[in-house]
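Student: Pasting upload21.cif below, which is mmCIF, C-alpha atoms.
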data_input
loop_
_atom_site.label_atom_id
_atom_site.label_comp_id
_atom_site.auth_asym_id
_atom_site.auth_seq_id
_atom_site.Cartn_x
_atom_site.Cartn_y
_atom_site.Cartn_z
CA MET A 4 12.27 205.90 132.18
CA VAL A 5 8.87 207.55 131.89
CA GLN A 6 9.04 210.98 130.26
CA ALA A 7 6.45 212.61 132.47
CA GLY A 8 5.51 216.25 132.10
CA ALA A 9 3.80 216.29 135.48
CA VAL A 10 4.68 215.00 138.92
CA TYR A 11 2.40 214.39 141.89
CA ILE A 12 3.79 213.92 145.39
CA HIS A 13 1.47 212.46 148.00
CA PHE A 14 1.73 213.61 151.59
CA PRO A 15 -0.42 211.14 153.57
CA PHE A 16 -0.54 212.97 156.89
CA CYS A 17 -3.15 215.13 158.61
CA ARG A 18 -3.60 216.60 162.05
CA LYS A 19 -7.15 215.29 162.00
CA ARG A 20 -8.97 213.17 159.45
CA CYS A 21 -12.15 214.77 158.06
CA GLN A 22 -15.44 212.92 158.33
CA TYR A 23 -15.91 212.70 154.55
CA CYS A 24 -12.32 211.80 153.65
CA SER A 25 -11.55 208.50 151.91
CA PHE A 26 -8.04 209.42 150.74
CA VAL A 27 -5.01 207.64 152.14
CA SER A 28 -4.02 209.76 155.12
CA TYR A 29 -2.73 209.11 158.61
CA GLU A 30 -3.79 211.21 161.55
CA SER A 31 -1.21 212.79 163.89
CA LEU A 32 1.75 210.73 162.66
CA TRP A 33 3.80 213.33 160.79
CA GLU A 34 6.19 214.33 163.58
CA SER A 35 7.13 210.74 164.35
CA SER A 36 7.34 209.74 160.66
CA ALA A 37 8.93 212.85 159.11
CA ALA A 38 12.54 211.72 158.84
CA ASP A 39 11.72 208.29 157.43
CA TYR A 40 9.08 209.59 155.03
CA LEU A 41 11.41 212.24 153.59
CA LYS A 42 14.12 209.61 153.08
CA SER A 43 11.54 207.32 151.50
CA LEU A 44 10.55 210.02 149.03
CA LYS A 45 14.20 210.59 148.15
CA ASN A 46 14.67 206.90 147.38
CA ASP A 47 11.35 206.69 145.55
CA ILE A 48 12.35 209.58 143.27
CA SER A 49 15.84 208.17 142.61
CA ALA A 50 14.35 204.75 141.75
CA ARG A 51 11.89 206.25 139.23
CA PRO A 52 13.29 209.63 138.12
CA PRO A 53 10.99 211.86 136.02
CA GLY A 54 13.57 212.38 133.27
CA SER A 55 11.82 215.36 131.73
CA LYS A 56 11.25 219.05 132.17
CA LEU A 57 8.11 219.40 134.23
CA ASN A 58 5.15 221.54 133.29
CA SER A 59 3.46 220.78 136.61
CA LEU A 60 4.46 219.75 140.11
CA TYR A 61 1.69 219.10 142.63
CA PHE A 62 1.90 218.41 146.36
CA GLY A 63 -1.34 216.75 147.49
CA GLY A 64 -2.60 214.92 150.48
CA GLY A 65 -3.45 214.66 153.26
CA THR A 66 -2.22 218.07 154.36
CA PRO A 67 1.05 219.04 152.61
CA SER A 68 1.01 222.40 154.39
CA LEU A 69 2.12 220.54 157.52
CA LEU A 70 5.53 220.52 155.85
CA GLU A 71 7.98 223.05 157.20
CA VAL A 72 9.90 225.09 154.65
CA ASN A 73 13.13 223.11 155.10
CA GLU A 74 11.24 219.83 154.65
CA LEU A 75 9.61 221.02 151.44
CA ARG A 76 13.00 222.29 150.24
CA PHE A 77 14.43 218.80 150.77
CA ILE A 78 11.77 217.22 148.54
CA ILE A 79 12.17 219.84 145.82
CA ASN A 80 15.94 219.38 145.86
CA CYS A 81 15.50 215.59 145.52
CA LEU A 82 13.47 216.17 142.37
CA GLY A 83 15.90 218.81 141.16
CA ALA A 84 18.66 216.21 140.99
CA TYR A 85 16.81 214.52 138.12
CA THR A 86 14.61 217.09 136.43
CA SER A 87 13.87 220.78 136.10
CA LEU A 88 10.82 222.96 135.77
CA GLN A 89 9.75 224.68 132.61
CA LYS A 90 9.78 228.46 132.86
CA ASP A 91 6.00 228.68 133.13
CA ALA A 92 5.54 225.51 135.21
CA GLU A 93 2.73 225.38 137.73
CA VAL A 94 3.88 224.34 141.20
CA SER A 95 0.88 223.69 143.45
CA LEU A 96 0.50 222.84 147.10
CA GLU A 97 -2.69 221.88 148.90
CA ALA A 98 -3.09 223.74 152.17
CA ASN A 99 -5.30 223.69 155.24
CA PRO A 100 -5.95 227.18 156.65
CA GLY A 101 -5.26 225.88 160.16
CA THR A 102 -1.62 225.14 159.29
CA LEU A 103 -0.56 228.40 157.64
CA ASN A 104 1.26 231.48 158.84
CA LEU A 105 2.98 234.34 157.03
CA GLU A 106 6.52 233.08 157.61
CA LYS A 107 5.73 229.64 156.22
CA LEU A 108 3.89 231.08 153.23
CA LYS A 109 6.81 233.39 152.40
CA GLY A 110 9.14 230.41 152.59
CA TYR A 111 6.91 228.35 150.28
CA ARG A 112 6.83 231.19 147.77
CA GLN A 113 10.62 231.56 147.83
CA LEU A 114 10.94 227.84 147.11
CA GLY A 115 8.96 228.29 143.91
CA ILE A 116 5.47 227.27 144.98
CA ASN A 117 3.33 229.51 142.78
CA ARG A 118 -0.16 228.11 143.31
CA LEU A 119 -2.01 227.36 146.53
CA SER A 120 -5.10 225.16 146.71
CA ILE A 121 -6.68 226.06 150.04
CA GLY A 122 -9.24 223.63 151.43
CA VAL A 123 -11.84 225.92 152.96
CA GLN A 124 -14.94 223.70 152.39
CA SER A 125 -17.24 226.14 154.21
CA PHE A 126 -17.24 229.50 155.96
CA ASP A 127 -19.69 228.22 158.58
CA ASP A 128 -17.96 227.34 161.85
CA ASP A 129 -20.64 224.87 162.94
CA LEU A 130 -20.39 222.93 159.68
CA LEU A 131 -16.60 223.00 159.81
CA LYS A 132 -16.69 221.36 163.24
CA LYS A 133 -19.21 218.76 162.10
CA ILE A 134 -17.11 217.65 159.14
CA GLY A 135 -13.94 217.54 161.22
CA ARG A 136 -11.98 220.49 159.85
CA ILE A 137 -9.28 221.93 162.11
CA HIS A 138 -9.75 225.55 161.01
CA THR A 139 -12.37 228.23 161.56
CA ALA A 140 -13.97 230.55 159.01
CA LYS A 141 -11.85 233.41 160.36
CA GLN A 142 -8.67 231.39 159.85
CA ALA A 143 -9.73 230.63 156.27
CA VAL A 144 -10.14 234.33 155.50
CA GLU A 145 -6.81 235.11 157.17
CA ALA A 146 -5.08 232.32 155.24
CA VAL A 147 -6.08 233.87 151.91
CA GLU A 148 -5.08 237.35 153.03
CA LEU A 149 -1.71 236.08 154.30
CA SER A 150 -1.15 234.22 151.03
CA TYR A 151 -1.55 237.41 149.07
CA ALA A 152 0.75 239.19 151.53
CA ALA A 153 3.37 236.47 150.97
CA GLY A 154 3.35 237.12 147.23
CA PHE A 155 0.97 234.49 145.88
CA ASN A 156 -1.18 235.54 142.93
CA ASN A 157 -2.65 232.15 142.01
CA ILE A 158 -4.94 230.95 144.77
CA SER A 159 -7.64 228.31 144.49
CA LEU A 160 -10.34 227.78 147.11
CA ASP A 161 -12.20 224.49 147.63
CA LEU A 162 -15.81 224.55 148.79
CA MET A 163 -18.23 221.68 149.40
CA TYR A 164 -21.98 221.38 148.98
CA GLY A 165 -24.26 218.61 150.13
CA ILE A 166 -22.79 218.63 153.65
CA PRO A 167 -25.26 217.26 156.23
CA ASN A 168 -27.50 220.05 157.58
CA GLN A 169 -26.27 222.52 154.96
CA SER A 170 -28.98 224.61 153.30
CA LEU A 171 -28.89 226.40 149.98
CA GLU A 172 -28.70 229.70 151.86
CA ASN A 173 -25.77 228.44 153.90
CA PHE A 174 -23.87 227.30 150.82
CA ALA A 175 -24.68 230.57 149.03
CA SER A 176 -23.24 232.52 151.95
CA SER A 177 -19.98 230.56 151.83
CA LEU A 178 -19.67 230.98 148.08
CA GLN A 179 -20.29 234.72 148.35
CA GLN A 180 -17.58 234.95 151.01
CA ALA A 181 -15.18 233.03 148.78
CA ILE A 182 -15.82 235.41 145.88
CA LEU A 183 -15.20 238.41 148.13
CA LEU A 184 -11.69 237.06 148.76
CA ASN A 185 -11.09 237.28 144.98
CA PRO A 186 -9.26 233.99 144.38
CA GLN A 187 -8.16 233.14 140.86
CA HIS A 188 -9.74 229.70 140.97
CA ILE A 189 -12.66 228.05 142.77
CA SER A 190 -13.40 224.33 142.99
CA LEU A 191 -16.82 223.15 144.11
CA TYR A 192 -17.28 219.55 145.18
CA GLY A 193 -20.55 217.84 145.93
CA LEU A 194 -20.26 215.57 148.93
CA THR A 195 -19.69 211.98 147.88
CA ILE A 196 -19.84 209.18 150.42
CA SER A 197 -16.84 206.98 149.67
CA GLU A 198 -15.85 203.69 151.26
CA GLY A 199 -13.27 204.22 153.97
CA SER A 200 -14.74 207.47 155.28
CA PHE A 201 -16.50 208.02 158.61
CA TYR A 202 -19.58 209.12 156.68
CA HIS A 203 -19.63 205.81 154.81
CA GLN A 204 -19.61 203.95 158.10
CA ALA A 205 -22.46 206.16 159.36
CA MET A 206 -24.47 205.50 156.19
CA CYS A 207 -23.98 201.75 156.55
CA ALA A 208 -25.03 201.96 160.19
CA GLY A 209 -28.16 203.91 159.26
CA THR A 210 -27.22 206.91 161.38
CA MET A 211 -26.78 209.23 158.40
CA LEU A 212 -29.05 209.86 155.44
CA PRO A 213 -27.85 210.37 151.84
CA ALA A 214 -27.51 213.96 150.68
CA ASP A 215 -30.59 215.58 149.15
CA GLU A 216 -29.88 215.38 145.40
CA ASP A 217 -32.37 218.13 144.55
CA LEU A 218 -30.73 220.45 147.07
CA MET A 219 -27.28 219.64 145.68
CA ALA A 220 -28.52 220.41 142.17
CA SER A 221 -29.88 223.75 143.38
CA CYS A 222 -26.50 224.59 144.94
CA TYR A 223 -24.70 223.70 141.72
CA ILE A 224 -27.01 225.76 139.50
CA TYR A 225 -26.80 228.73 141.86
CA ALA A 226 -23.01 228.53 141.92
CA GLY A 227 -22.71 228.44 138.14
CA LYS A 228 -24.77 231.59 137.73
CA LEU A 229 -23.10 233.54 140.54
CA LEU A 230 -19.57 232.64 139.48
CA ALA A 231 -20.28 233.60 135.87
CA GLU A 232 -21.59 236.96 137.06
CA HIS A 233 -18.27 237.56 138.83
CA GLY A 234 -16.07 236.67 135.89
CA TYR A 235 -15.23 233.07 136.68
CA LEU A 236 -15.23 230.76 133.65
CA GLN A 237 -16.32 227.20 134.16
CA TYR A 238 -13.86 224.92 132.37
CA GLU A 239 -14.64 221.59 134.08
CA ILE A 240 -17.63 220.13 135.88
CA SER A 241 -16.31 221.15 139.32
CA ASN A 242 -13.91 223.98 138.48
CA TRP A 243 -14.10 227.68 137.66
CA ALA A 244 -11.24 230.09 137.03
CA ARG A 245 -10.30 233.57 135.94
CA GLU A 246 -8.98 233.58 132.39
CA GLY A 247 -5.53 231.98 132.30
CA TYR A 248 -5.75 230.36 135.73
CA GLN A 249 -7.11 226.92 134.85
CA SER A 250 -5.26 224.16 136.72
CA LYS A 251 -2.45 222.89 134.49
CA HIS A 252 -1.93 219.82 136.64
CA ASN A 253 -5.53 218.67 136.59
CA MET A 254 -5.67 219.26 132.85
CA VAL A 255 -2.96 216.59 132.53
CA TYR A 256 -5.37 214.11 134.12
CA TRP A 257 -8.40 215.21 132.11
CA GLN A 258 -6.46 215.12 128.82
CA GLN A 259 -4.90 211.70 129.48
CA GLY A 260 -1.41 213.09 129.82
CA ILE A 261 1.52 211.28 131.45
CA TRP A 262 2.36 211.81 135.08
CA LEU A 263 4.48 210.24 137.79
CA GLY A 264 3.36 209.93 141.40
CA TYR A 265 5.67 209.61 144.38
CA GLY A 266 4.90 208.72 147.96
CA CYS A 267 2.59 206.33 149.77
CA ALA A 268 -0.55 205.58 147.68
CA ALA A 269 0.55 207.81 144.79
CA CYS A 270 -0.63 206.89 141.28
CA SER A 271 1.18 207.18 137.95
CA PHE A 272 0.13 206.83 134.31
CA ASP A 273 2.46 206.36 131.36
CA GLY A 274 -0.12 206.46 128.59
CA GLN A 275 -0.79 202.71 128.66
CA ARG A 276 -0.32 201.52 132.21
CA ARG A 277 -1.44 202.70 135.64
CA TYR A 278 0.81 202.24 138.65
CA THR A 279 -0.16 202.64 142.30
CA ILE A 280 2.38 202.71 145.11
CA ASP A 281 1.76 200.75 148.33
CA ARG A 282 -1.12 202.32 150.27
CA ASN A 283 0.18 201.16 153.65
CA LEU A 284 2.48 203.76 155.17
CA ASP A 285 4.72 201.35 157.12
CA SER A 286 5.28 198.94 154.25
CA TYR A 287 5.80 201.84 151.80
CA MET A 288 8.52 203.34 153.96
CA GLN A 289 10.10 199.95 154.64
CA SER A 290 10.39 199.15 150.94
CA ALA A 291 11.33 202.68 149.87
CA LEU A 292 14.06 202.94 152.51
CA ALA A 293 15.41 199.68 151.09
CA GLY A 294 15.47 201.36 147.67
CA THR A 295 12.60 199.42 146.11
CA PRO A 296 9.26 201.26 146.44
CA PHE A 297 6.57 198.62 146.11
CA LEU A 298 4.03 198.88 143.32
CA GLN A 299 0.76 197.68 144.79
CA GLU A 300 -0.99 197.80 141.43
CA ASN A 301 0.44 197.64 137.94
CA GLU A 302 -2.36 197.58 135.41
CA GLU A 303 -2.14 197.69 131.64
CA VAL A 304 -5.21 199.52 130.38
CA SER A 305 -6.83 198.16 127.23
CA GLN A 306 -7.37 200.48 124.27
CA GLU A 307 -11.10 200.01 124.72
CA ASP A 308 -10.92 201.19 128.33
CA LEU A 309 -8.53 204.03 127.46
CA LEU A 310 -10.97 205.23 124.81
CA ALA A 311 -13.90 205.15 127.24
CA GLU A 312 -11.89 206.97 129.90
CA GLY A 313 -10.76 209.52 127.35
CA ILE A 314 -14.34 210.31 126.35
CA ILE A 315 -15.54 210.56 129.96
CA LEU A 316 -12.63 212.76 131.02
CA ALA A 317 -13.06 215.00 127.98
CA LEU A 318 -16.78 215.39 128.64
CA ARG A 319 -15.96 216.66 132.13
CA LEU A 320 -14.39 219.65 130.39
CA ASN A 321 -16.59 222.43 129.05
CA GLU A 322 -14.81 222.15 125.71
CA GLY A 323 -16.00 218.55 125.49
CA ALA A 324 -14.76 215.58 123.48
CA LYS A 325 -13.12 216.85 120.30
CA PHE A 326 -13.58 214.88 117.09
CA LYS A 327 -10.02 215.62 115.94
CA TYR A 328 -8.44 214.47 119.22
CA PHE A 329 -10.12 211.07 119.08
CA LYS A 330 -9.36 210.73 115.38
CA ASP A 331 -5.67 211.45 115.94
CA ARG A 332 -5.20 209.45 119.15
CA TYR A 333 -7.62 206.55 118.74
CA HIS A 334 -8.19 206.54 114.97
CA ILE A 335 -11.96 206.59 115.30
CA ASP A 336 -14.79 208.72 114.05
CA LEU A 337 -16.38 209.60 117.39
CA ALA A 338 -19.70 210.70 115.92
CA ARG A 339 -20.04 207.55 113.82
CA LYS A 340 -18.87 205.02 116.44
CA TYR A 341 -21.24 206.34 119.10
CA VAL A 342 -24.04 207.58 116.89
CA ALA A 343 -26.79 205.76 118.83
CA ILE A 344 -25.56 206.97 122.25
CA ILE A 345 -25.14 210.54 121.04
CA LYS A 346 -28.61 210.53 119.52
CA GLU A 347 -30.14 209.19 122.73
CA MET A 348 -28.34 211.73 124.94
CA ARG A 349 -29.20 214.63 122.64
CA LYS A 350 -32.84 213.64 122.78
CA ALA A 351 -32.63 213.57 126.58
CA GLY A 352 -31.11 217.07 126.58
CA LEU A 353 -27.83 215.91 128.10
CA LEU A 354 -25.47 216.26 125.12
CA GLU A 355 -24.93 218.78 122.37
CA VAL A 356 -23.00 218.34 119.13
CA ASN A 357 -21.07 221.14 117.45
CA GLN A 358 -18.60 221.24 114.59
CA ASP A 359 -15.69 220.40 116.93
CA GLY A 360 -17.15 217.62 119.04
CA ILE A 361 -19.68 216.67 121.71
CA VAL A 362 -20.27 218.55 124.96
CA LEU A 363 -22.46 218.17 128.01
CA THR A 364 -25.37 220.56 128.31
CA GLU A 365 -26.01 222.38 131.59
CA ARG A 366 -28.48 219.64 132.47
CA GLY A 367 -25.94 217.07 131.33
CA ARG A 368 -23.41 218.38 133.85
CA LEU A 369 -26.00 217.85 136.58
CA LEU A 370 -26.65 214.29 135.39
CA SER A 371 -23.19 213.53 134.01
CA ASN A 372 -23.06 209.94 135.27
CA GLU A 373 -26.16 209.18 133.17
CA VAL A 374 -24.03 210.07 130.16
CA PHE A 375 -20.69 208.65 131.24
CA TRP A 376 -21.68 205.05 131.87
CA ARG A 377 -23.05 204.72 128.36
CA PHE A 378 -19.56 205.07 126.90
CA LEU A 379 -18.09 202.27 129.03
CA PRO A 380 -17.18 199.03 127.22
#
If you convert what's in this file into structure tokens, what do you get?
Tutor:
Amino acid sequence: MVQAGAVYIHFPFCRKRCQYCSFVSYESLWESSAADYLKSLKNDISARPPGSKLNSLYFGGGTPSLLEVNELRFIINCLGAYTSLQKDAEVSLEANPGTLNLEKLKGYRQLGINRLSIGVQSFDDDLLKKIGRIHTAKQAVEAVELSYAAGFNNISLDLMYGIPNQSLENFASSLQQAILLNPQHISLYGLTISEGSFYHQAMCAGTMLPADEDLMASCYIYAGKLLAEHGYLQYEISNWAREGYQSKHNMVYWQQGIWLGYGCAACSFDGQRRYTIDRNLDSYMQSALAGTPFLQENEEVSQEDLLAEGIILALRLNEGAKFKYFKDRYHIDLARKYVAIIKEMRKAGLLEVNQDGIVLTERGRLLSNEVFWRFLP
């Protein structure tokens, strides 16, 4: 039994799949699949119980806010049969503004959901239509206001930059609107074209051009300055928060913690091995309903790869890769083992060294992949 401090539950359903999305999600199938998927989750959890008090529970997707209150209660009760939440546990749910109303939000809050991650992406209606979002800018504003009215005091907003036909001024306007809503957390994601998305198909067909990297850099630099001016602390390459509102769940990933994932396509990590559940919805439900959720991938990660991943994940954080952490966990002197790489990256202005460890510079965050690949085996 894996003693996981964090649990992720994947909800692979959406009303409409976004143009940029490469996650495992199925469009317009929730109503016909609800009963079987909920039973599948119950069996999945009973087959691999967490066996530990949880510091974090995260409902991701897809669009978990399609869940009605009674459906979410069912899942939480399934987990509650095997584990409990620590007093200060973070319980997050990803939400699409087009699926929220006050009654549902109040029900979520009463169930113990204490953090909402609302996928706004933009406050420009034309761009929202072009990327396939089901909500409008007005609905996004209303969703945040309703969330506060329902009793939430830990709200994160997601915004994107690098969207086709998006200008710096357009992105700046959306970011300013987000700040006016006074969320506790803001995540900013540069558009990436991933295999499996509509955008990837368009790129391969030559009907869509890659994003302007200089424009994306300008958006990122602008955002960092504006968010700092409004009291948001950057703690990770793509994430800013008010003091005390950093995402506990994501920190588990970035600090190589242990987590269990349930549901179609969910991933788990036990400190040495990575597990991925079947990515096909029908076969996942078939096996889970039979009581044997199928592991599509079961990979033991070498110490060399774990070390490289640990460095890369740590460098994503503003606190950087700590010498003591890598000494205690991997029994290495980070500065000595990677002396040549560190010297090269310092000379390029991408890394800094302090008494605690190594950190990316502001320029290094813009060109992070130029640093990361050098630490790979």
Student: Care to translate the PyMOL selection byres ((chain A and resi 325-329) around 10) into actual residues of this file, as number ranges by chain?
Tutor: A: 258, 310, 313-314, 317-318, 322-324, 330-338, 357-362
Student: As an exercise, work out the distance from atom CA of Asp273 of chain A to atom CA of Asp39 of chain A in Å and give it to one decimal place.
Tutor: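 Calculated distance between atom CA of Asp273 of chain A and atom CA of Asp39 of chain A is 27.7 Å.
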Student: Which polymer residues have any atom within 10 Å of an atom of Asn73 of chain A, counting all atoms listed in the file, with same-chain residues fewer than 5 positions away left out, as an MDAnalysis selection string?
Tutor: chainID A and resid 78:79 107 110:111 114
Student: If the PyMOL selection byres ((chain A and resi 121-128) around 7) were run on this exact file, what residues would it hold? Put them as a PDB file with C-alpha atoms, in the coordinates of the input.
Tutor:
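Dumped to expr.pdb:
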ATOM      1  CA  GLU A  97      -2.690 221.880 148.900  1.00  0.00           C
ATOM      2  CA  ALA A  98      -3.090 223.740 152.170  1.00  0.00           C
ATOM      3  CA  ASN A  99      -5.300 223.690 155.240  1.00  0.00           C
ATOM      4  CA  PRO A 100      -5.950 227.180 156.650  1.00  0.00           C
ATOM      5  CA  LEU A 119      -2.010 227.360 146.530  1.00  0.00           C
ATOM      6  CA  SER A 120      -5.100 225.160 146.710  1.00  0.00           C
ATOM      7  CA  ASP A 129     -20.640 224.870 162.940  1.00  0.00           C
ATOM      8  CA  LEU A 130     -20.390 222.930 159.680  1.00  0.00           C
ATOM      9  CA  LEU A 131     -16.600 223.000 159.810  1.00  0.00           C
ATOM     10  CA  LYS A 132     -16.690 221.360 163.240  1.00  0.00           C
ATOM     11  CA  THR A 139     -12.370 228.230 161.560  1.00  0.00           C
ATOM     12  CA  ALA A 140     -13.970 230.550 159.010  1.00  0.00           C
ATOM     13  CA  ALA A 143      -9.730 230.630 156.270  1.00  0.00           C
ATOM     14  CA  SER A 159      -7.640 228.310 144.490  1.00  0.00           C
ATOM     15  CA  LEU A 160     -10.340 227.780 147.110  1.00  0.00           C
ATOM     16  CA  ASP A 161     -12.200 224.490 147.630  1.00  0.00           C
ATOM     17  CA  LEU A 162     -15.810 224.550 148.790  1.00  0.00           C
ATOM     18  CA  MET A 163     -18.230 221.680 149.400  1.00  0.00           C
ATOM     19  CA  SER A 177     -19.980 230.560 151.830  1.00  0.00           C
TER      20      SER A 177
END
Student: Show which residues sit within 9 Å of segment 252-257 of chain A, as a list in words. Count only C-alpha atoms, and ignore same-chain residues fewer than 4 positions away.
Tutor: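 Residues meeting the cut-off are Gly8, Ala9, Val10, Tyr11, Asn58, Ser59, Leu60, Tyr61, Glu93, Val94, Ser95, Ile261, Trp262, Gly313, Ile315, Leu316, Ala317, Arg319 and Leu320 of chain A.
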Student: Counting only C-alpha atoms, which of A:Ala38, A:Lys56, A:Cys267, A:Gln275 gets nearest to Gln299 of chain A?
Tutor: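 Under the stated criterion, the closest residue is A:Cys267.
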